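Quick look at target.csv (CSV, N, CA and C atoms):
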chain,number,residue,atom,x,y,z
A,1,MET,N,0.8,-1.2,0.0
A,1,MET,CA,0.0,0.0,0.0
A,1,MET,C,0.9,1.3,0.0
A,2,ARG,N,2.0,1.1,0.6
A,2,ARG,CA,3.0,2.3,0.6
A,2,ARG,C,3.3,2.7,-0.8
A,3,ASP,N,3.6,1.8,-1.7
A,3,ASP,CA,3.9,2.1,-3.1
A,3,ASP,C,2.8,2.8,-3.8
A,4,ALA,N,1.6,2.3,-3.5
A,4,ALA,CA,0.4,2.9,-4.1
A,4,ALA,C,0.2,4.3,-3.6
A,5,PHE,N,0.5,4.5,-2.3
A,5,PHE,CA,0.4,5.9,-1.8
A,5,PHE,C,1.3,6.8,-2.5
A,6,ARG,N,2.5,6.4,-2.7
A,6,ARG,CA,3.6,7.2,-3.4
A,6,ARG,C,3.1,7.5,-4.8
A,7,GLN,N,2.5,6.5,-5.5
A,7,GLN,CA,2.0,6.8,-6.9
A,7,GLN,C,0.9,7.8,-6.8
A,8,PHE,N,0.0,7.7,-5.8
A,8,PHE,CA,-1.1,8.6,-5.7
A,8,PHE,C,-0.6,10.0,-5.5
A,9,VAL,N,0.4,10.2,-4.7
A,9,VAL,CA,1.1,11.5,-4.5
A,9,VAL,C,1.6,12.0,-5.8
A,10,ASP,N,2.3,11.2,-6.5
A,10,ASP,CA,2.9,11.6,-7.8
A,10,ASP,C,1.8,12.0,-8.8
A,11,GLN,N,0.7,11.3,-8.8
A,11,GLN,CA,-0.4,11.6,-9.7
A,11,GLN,C,-1.0,13.0,-9.4
A,12,HIS,N,-1.0,13.4,-8.2
A,12,HIS,CA,-1.6,14.7,-7.8
A,12,HIS,C,-0.7,15.8,-7.4
A,13,ARG,N,0.6,15.5,-7.7
A,13,ARG,CA,1.6,16.5,-7.3
A,13,ARG,C,1.5,17.8,-8.0
A,14,ALA,N,1.3,17.8,-9.3
A,14,ALA,CA,1.2,19.1,-10.1
A,14,ALA,C,0.0,19.9,-9.7
A,15,GLN,N,-1.1,19.3,-9.5
A,15,GLN,CA,-2.4,20.1,-9.3
A,15,GLN,C,-2.6,20.4,-7.8
A,16,CYS,N,-2.3,19.4,-6.9
A,16,CYS,CA,-2.7,19.6,-5.5
A,16,CYS,C,-1.5,19.8,-4.6
A,17,LEU,N,-0.3,19.3,-5.0
A,17,LEU,CA,0.8,19.4,-4.1
A,17,LEU,C,2.0,20.1,-4.7
A,18,TRP,N,1.7,21.1,-5.5
A,18,TRP,CA,2.7,21.9,-6.2
A,18,TRP,C,3.7,22.6,-5.3
A,19,PHE,N,3.3,22.8,-4.0
A,19,PHE,CA,4.1,23.5,-3.1
A,19,PHE,C,5.2,22.6,-2.4
A,20,LEU,N,5.1,21.3,-2.6
A,20,LEU,CA,6.0,20.4,-2.0
A,20,LEU,C,7.2,20.1,-2.9
A,21,LYS,N,8.3,19.8,-2.3
A,21,LYS,CA,9.5,19.4,-3.1
A,21,LYS,C,9.2,18.2,-4.0
A,22,ALA,N,9.8,18.2,-5.2
A,22,ALA,CA,9.5,17.1,-6.2
A,22,ALA,C,9.8,15.7,-5.7
A,23,ASP,N,10.7,15.6,-4.8
A,23,ASP,CA,11.1,14.3,-4.3
A,23,ASP,C,10.5,14.0,-2.9
A,24,TYR,N,9.6,14.8,-2.4
A,24,TYR,CA,9.0,14.6,-1.1
A,24,TYR,C,7.9,13.6,-1.1
A,25,TYR,N,8.0,12.7,-0.2
A,25,TYR,CA,7.0,11.7,0.1
A,25,TYR,C,6.8,11.6,1.6
A,26,PRO,N,5.6,11.9,2.1
A,26,PRO,CA,5.4,11.9,3.6
A,26,PRO,C,5.6,10.5,4.2
A,27,GLU,N,6.2,10.5,5.3
A,27,GLU,CA,6.5,9.2,6.0
A,27,GLU,C,5.7,9.0,7.2
A,28,THR,N,5.3,10.0,7.9
A,28,THR,CA,4.5,9.8,9.2
A,28,THR,C,3.0,9.9,8.8
A,29,VAL,N,2.3,9.3,9.7
A,29,VAL,CA,0.8,9.3,9.5
A,29,VAL,C,0.3,10.7,9.4
A,30,ALA,N,0.8,11.6,10.3
A,30,ALA,CA,0.3,13.0,10.3
A,30,ALA,C,0.6,13.7,9.0
A,31,ASP,N,1.8,13.5,8.5
A,31,ASP,CA,2.2,14.1,7.2
A,31,ASP,C,1.4,13.5,6.1
A,32,ARG,N,1.1,12.2,6.1
A,32,ARG,CA,0.3,11.6,5.0
A,32,ARG,C,-1.1,12.1,5.1
A,33,MET,N,-1.7,12.3,6.3
A,33,MET,CA,-3.0,12.9,6.4
A,33,MET,C,-3.1,14.3,5.9
A,34,ALA,N,-2.0,15.1,6.1
A,34,ALA,CA,-2.0,16.5,5.6
A,34,ALA,C,-1.9,16.5,4.1
A,35,VAL,N,-1.2,15.6,3.5
A,35,VAL,CA,-1.2,15.5,2.0
A,35,VAL,C,-2.5,15.0,1.5
A,36,LEU,N,-3.2,14.1,2.2
A,36,LEU,CA,-4.5,13.7,1.8
A,36,LEU,C,-5.5,14.9,1.8
A,37,ARG,N,-5.4,15.7,2.9
A,37,ARG,CA,-6.3,16.8,3.0
A,37,ARG,C,-6.1,17.8,1.8
A,38,SER,N,-4.9,18.0,1.5
A,38,SER,CA,-4.6,18.9,0.3
A,38,SER,C,-5.1,18.4,-1.0
A,39,ILE,N,-5.0,17.1,-1.2
A,39,ILE,CA,-5.5,16.4,-2.4
A,39,ILE,C,-7.1,16.5,-2.4
A,40,GLU,N,-7.7,16.3,-1.2
A,40,GLU,CA,-9.1,16.4,-1.1
A,40,GLU,C,-9.6,17.8,-1.4
A,41,LYS,N,-8.9,18.8,-1.0
A,41,LYS,CA,-9.2,20.2,-1.1
A,41,LYS,C,-9.1,20.7,-2.6
A,42,HIS,N,-8.0,20.2,-3.2
A,42,HIS,CA,-7.6,20.8,-4.5
A,42,HIS,C,-7.9,19.8,-5.7
A,43,GLY,N,-8.2,18.6,-5.4
A,43,GLY,CA,-8.3,17.6,-6.5
A,43,GLY,C,-9.8,17.5,-7.0
A,44,ASP,N,-10.0,16.6,-7.9
A,44,ASP,CA,-11.3,16.4,-8.4
A,44,ASP,C,-12.0,15.3,-7.6
A,45,ARG,N,-13.2,15.0,-8.0
A,45,ARG,CA,-14.1,14.0,-7.3
A,45,ARG,C,-13.4,12.7,-7.1
A,46,ARG,N,-12.8,12.2,-8.2
A,46,ARG,CA,-12.1,10.9,-8.1
A,46,ARG,C,-10.9,10.9,-7.1
A,47,ALA,N,-10.2,12.0,-7.1
A,47,ALA,CA,-9.1,12.1,-6.2
A,47,ALA,C,-9.6,12.1,-4.7
A,48,PHE,N,-10.7,12.8,-4.5
A,48,PHE,CA,-11.3,12.8,-3.2
A,48,PHE,C,-11.7,11.4,-2.7
A,49,GLN,N,-12.3,10.7,-3.7
A,49,GLN,CA,-12.7,9.3,-3.3
A,49,GLN,C,-11.5,8.4,-3.1
A,50,GLU,N,-10.5,8.5,-3.9
A,50,GLU,CA,-9.3,7.7,-3.7
A,50,GLU,C,-8.6,8.1,-2.3
A,51,ALA,N,-8.6,9.4,-2.0
A,51,ALA,CA,-8.0,9.8,-0.8
A,51,ALA,C,-8.7,9.2,0.4
A,52,ALA,N,-10.0,9.0,0.3
A,52,ALA,CA,-10.8,8.4,1.4
A,52,ALA,C,-10.3,7.0,1.6
A,53,GLN,N,-10.0,6.3,0.5
A,53,GLN,CA,-9.5,4.9,0.7
A,53,GLN,C,-8.1,4.9,1.4
A,54,PHE,N,-7.3,5.8,1.1
A,54,PHE,CA,-6.0,5.9,1.8
A,54,PHE,C,-6.1,6.3,3.2
A,55,ARG,N,-7.1,7.2,3.5
A,55,ARG,CA,-7.4,7.6,4.9
A,55,ARG,C,-7.8,6.4,5.7
A,56,GLN,N,-8.6,5.5,5.1
A,56,GLN,CA,-9.0,4.3,5.8
A,56,GLN,C,-7.8,3.4,6.1
A,57,TRP,N,-6.9,3.3,5.2
A,57,TRP,CA,-5.7,2.5,5.4
A,57,TRP,C,-4.8,3.1,6.5
A,58,LEU,N,-4.8,4.4,6.6
A,58,LEU,CA,-4.0,5.1,7.6
A,58,LEU,C,-4.6,5.1,9.0
A,59,SER,N,-5.9,4.9,9.1
A,59,SER,CA,-6.6,4.9,10.3
A,59,SER,C,-6.6,3.5,11.0
A,60,PRO,N,-6.0,3.5,12.2
A,60,PRO,CA,-5.9,2.2,12.8
A,60,PRO,C,-7.3,1.6,13.2
A,61,PRO,N,-7.5,0.3,13.1
A,61,PRO,CA,-8.8,-0.3,13.5
A,61,PRO,C,-9.0,-0.1,15.0
A,62,SER,N,-10.2,0.1,15.4
A,62,SER,CA,-10.5,0.4,16.8
A,62,SER,C,-10.6,-1.0,17.5
A,63,SER,N,-9.9,-1.1,18.6
A,63,SER,CA,-10.0,-2.3,19.4
A,63,SER,C,-10.8,-2.0,20.7
A,64,GLU,N,-11.3,-0.8,20.8
A,64,GLU,CA,-12.1,-0.4,22.0
A,64,GLU,C,-13.6,-0.8,21.7
A,65,ARG,N,-14.3,-1.2,22.7
A,65,ARG,CA,-15.7,-1.5,22.6
A,65,ARG,C,-16.4,-0.2,22.5
A,66,SER,N,-17.5,-0.2,21.7
A,66,SER,CA,-18.3,1.0,21.6
A,66,SER,C,-18.9,1.4,22.9
A,67,ALA,N,-19.1,2.7,23.1
A,67,ALA,CA,-19.7,3.2,24.4
A,67,ALA,C,-21.1,2.7,24.5
A,68,GLY,N,-21.8,2.5,23.4
A,68,GLY,CA,-23.2,2.0,23.4
A,68,GLY,C,-23.4,0.5,23.6
A,69,VAL,N,-22.3,-0.2,23.7
A,69,VAL,CA,-22.4,-1.7,23.8
A,69,VAL,C,-22.3,-2.1,25.3

Starting from the coordinates I provided, produce the structure as structure tokens.
Amino acid sequence: MRDAFRQFVDQHRAQCLWFLKADYYPETVADRMAVLRSIEKHGDRRAFQEAAQFRQWLSPPSSERSAGV
């Protein structure tokens, strides 16, 4: 998934991430989330939907029981 994320960054670098260095790839979860926010903000509908898939990958599964259970 990491390689797919790098390809996703490359696909949207010119339109959404023009302010980043050409060889920059975020490594931390916080930096990756910031990149996804920028793509969601400046990209098209498809980019927004793809970003949602990566956001799900970056979000850890919850091991806590629901408060309502």

| query | Any idea what the distance is between atom N of Gly43 in chain A and atom C of Val29 in chain A? | reply |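 Interatomic distance, atom N of Gly43 in chain A to atom C of Val29 in chain A: 18.8 Å.
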
Expected answer as a tab-separated table (two decimals) with N, CA and C atoms, keeping the file's coordinate frame: all residues with atoms within 12 Å of (-4.9, 10.9, 7.7), only C-alpha atoms:
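Dumped to result26.tsv:
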chain	number	residue	atom	x	y	z
A	5	PHE	N	0.50	4.50	-2.30
A	5	PHE	CA	0.40	5.90	-1.80
A	5	PHE	C	1.30	6.80	-2.50
A	26	PRO	N	5.60	11.90	2.10
A	26	PRO	CA	5.40	11.90	3.60
A	26	PRO	C	5.60	10.50	4.20
A	27	GLU	N	6.20	10.50	5.30
A	27	GLU	CA	6.50	9.20	6.00
A	27	GLU	C	5.70	9.00	7.20
A	28	THR	N	5.30	10.00	7.90
A	28	THR	CA	4.50	9.80	9.20
A	28	THR	C	3.00	9.90	8.80
A	29	VAL	N	2.30	9.30	9.70
A	29	VAL	CA	0.80	9.30	9.50
A	29	VAL	C	0.30	10.70	9.40
A	30	ALA	N	0.80	11.60	10.30
A	30	ALA	CA	0.30	13.00	10.30
A	30	ALA	C	0.60	13.70	9.00
A	31	ASP	N	1.80	13.50	8.50
A	31	ASP	CA	2.20	14.10	7.20
A	31	ASP	C	1.40	13.50	6.10
A	32	ARG	N	1.10	12.20	6.10
A	32	ARG	CA	0.30	11.60	5.00
A	32	ARG	C	-1.10	12.10	5.10
A	33	MET	N	-1.70	12.30	6.30
A	33	MET	CA	-3.00	12.90	6.40
A	33	MET	C	-3.10	14.30	5.90
A	34	ALA	N	-2.00	15.10	6.10
A	34	ALA	CA	-2.00	16.50	5.60
A	34	ALA	C	-1.90	16.50	4.10
A	35	VAL	N	-1.20	15.60	3.50
A	35	VAL	CA	-1.20	15.50	2.00
A	35	VAL	C	-2.50	15.00	1.50
A	36	LEU	N	-3.20	14.10	2.20
A	36	LEU	CA	-4.50	13.70	1.80
A	36	LEU	C	-5.50	14.90	1.80
A	37	ARG	N	-5.40	15.70	2.90
A	37	ARG	CA	-6.30	16.80	3.00
A	37	ARG	C	-6.10	17.80	1.80
A	38	SER	N	-4.90	18.00	1.50
A	38	SER	CA	-4.60	18.90	0.30
A	38	SER	C	-5.10	18.40	-1.00
A	39	ILE	N	-5.00	17.10	-1.20
A	39	ILE	CA	-5.50	16.40	-2.40
A	39	ILE	C	-7.10	16.50	-2.40
A	40	GLU	N	-7.70	16.30	-1.20
A	40	GLU	CA	-9.10	16.40	-1.10
A	40	GLU	C	-9.60	17.80	-1.40
A	51	ALA	N	-8.60	9.40	-2.00
A	51	ALA	CA	-8.00	9.80	-0.80
A	51	ALA	C	-8.70	9.20	0.40
A	52	ALA	N	-10.00	9.00	0.30
A	52	ALA	CA	-10.80	8.40	1.40
A	52	ALA	C	-10.30	7.00	1.60
A	53	GLN	N	-10.00	6.30	0.50
A	53	GLN	CA	-9.50	4.90	0.70
A	53	GLN	C	-8.10	4.90	1.40
A	54	PHE	N	-7.30	5.80	1.10
A	54	PHE	CA	-6.00	5.90	1.80
A	54	PHE	C	-6.10	6.30	3.20
A	55	ARG	N	-7.10	7.20	3.50
A	55	ARG	CA	-7.40	7.60	4.90
A	55	ARG	C	-7.80	6.40	5.70
A	56	GLN	N	-8.60	5.50	5.10
A	56	GLN	CA	-9.00	4.30	5.80
A	56	GLN	C	-7.80	3.40	6.10
A	57	TRP	N	-6.90	3.30	5.20
A	57	TRP	CA	-5.70	2.50	5.40
A	57	TRP	C	-4.80	3.10	6.50
A	58	LEU	N	-4.80	4.40	6.60
A	58	LEU	CA	-4.00	5.10	7.60
A	58	LEU	C	-4.60	5.10	9.00
A	59	SER	N	-5.90	4.90	9.10
A	59	SER	CA	-6.60	4.90	10.30
A	59	SER	C	-6.60	3.50	11.00
A	60	PRO	N	-6.00	3.50	12.20
A	60	PRO	CA	-5.90	2.20	12.80
A	60	PRO	C	-7.30	1.60	13.20

| query | What gap, in Å, lies between CA of Phe19 in chain A and CA of Gln49 in chain A? | reply |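 Computed distance, CA of Phe19 in chain A to CA of Gln49 in chain A, equals 22.0 Å.
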
| request: Give me, please, the distance in Å between CA of His12 in chain A and atom C of Lys41 in chain A, quoted to one decimal. | output: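 Computing it gives 10.9 Å between the two atoms.
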
| request: Using backbone DSSP assignments, extract all helix (DSSP H, G or I) residues from chain A; output them as a PyMOL selection string. | output: chain A and resi 2-16+29-42+45-58
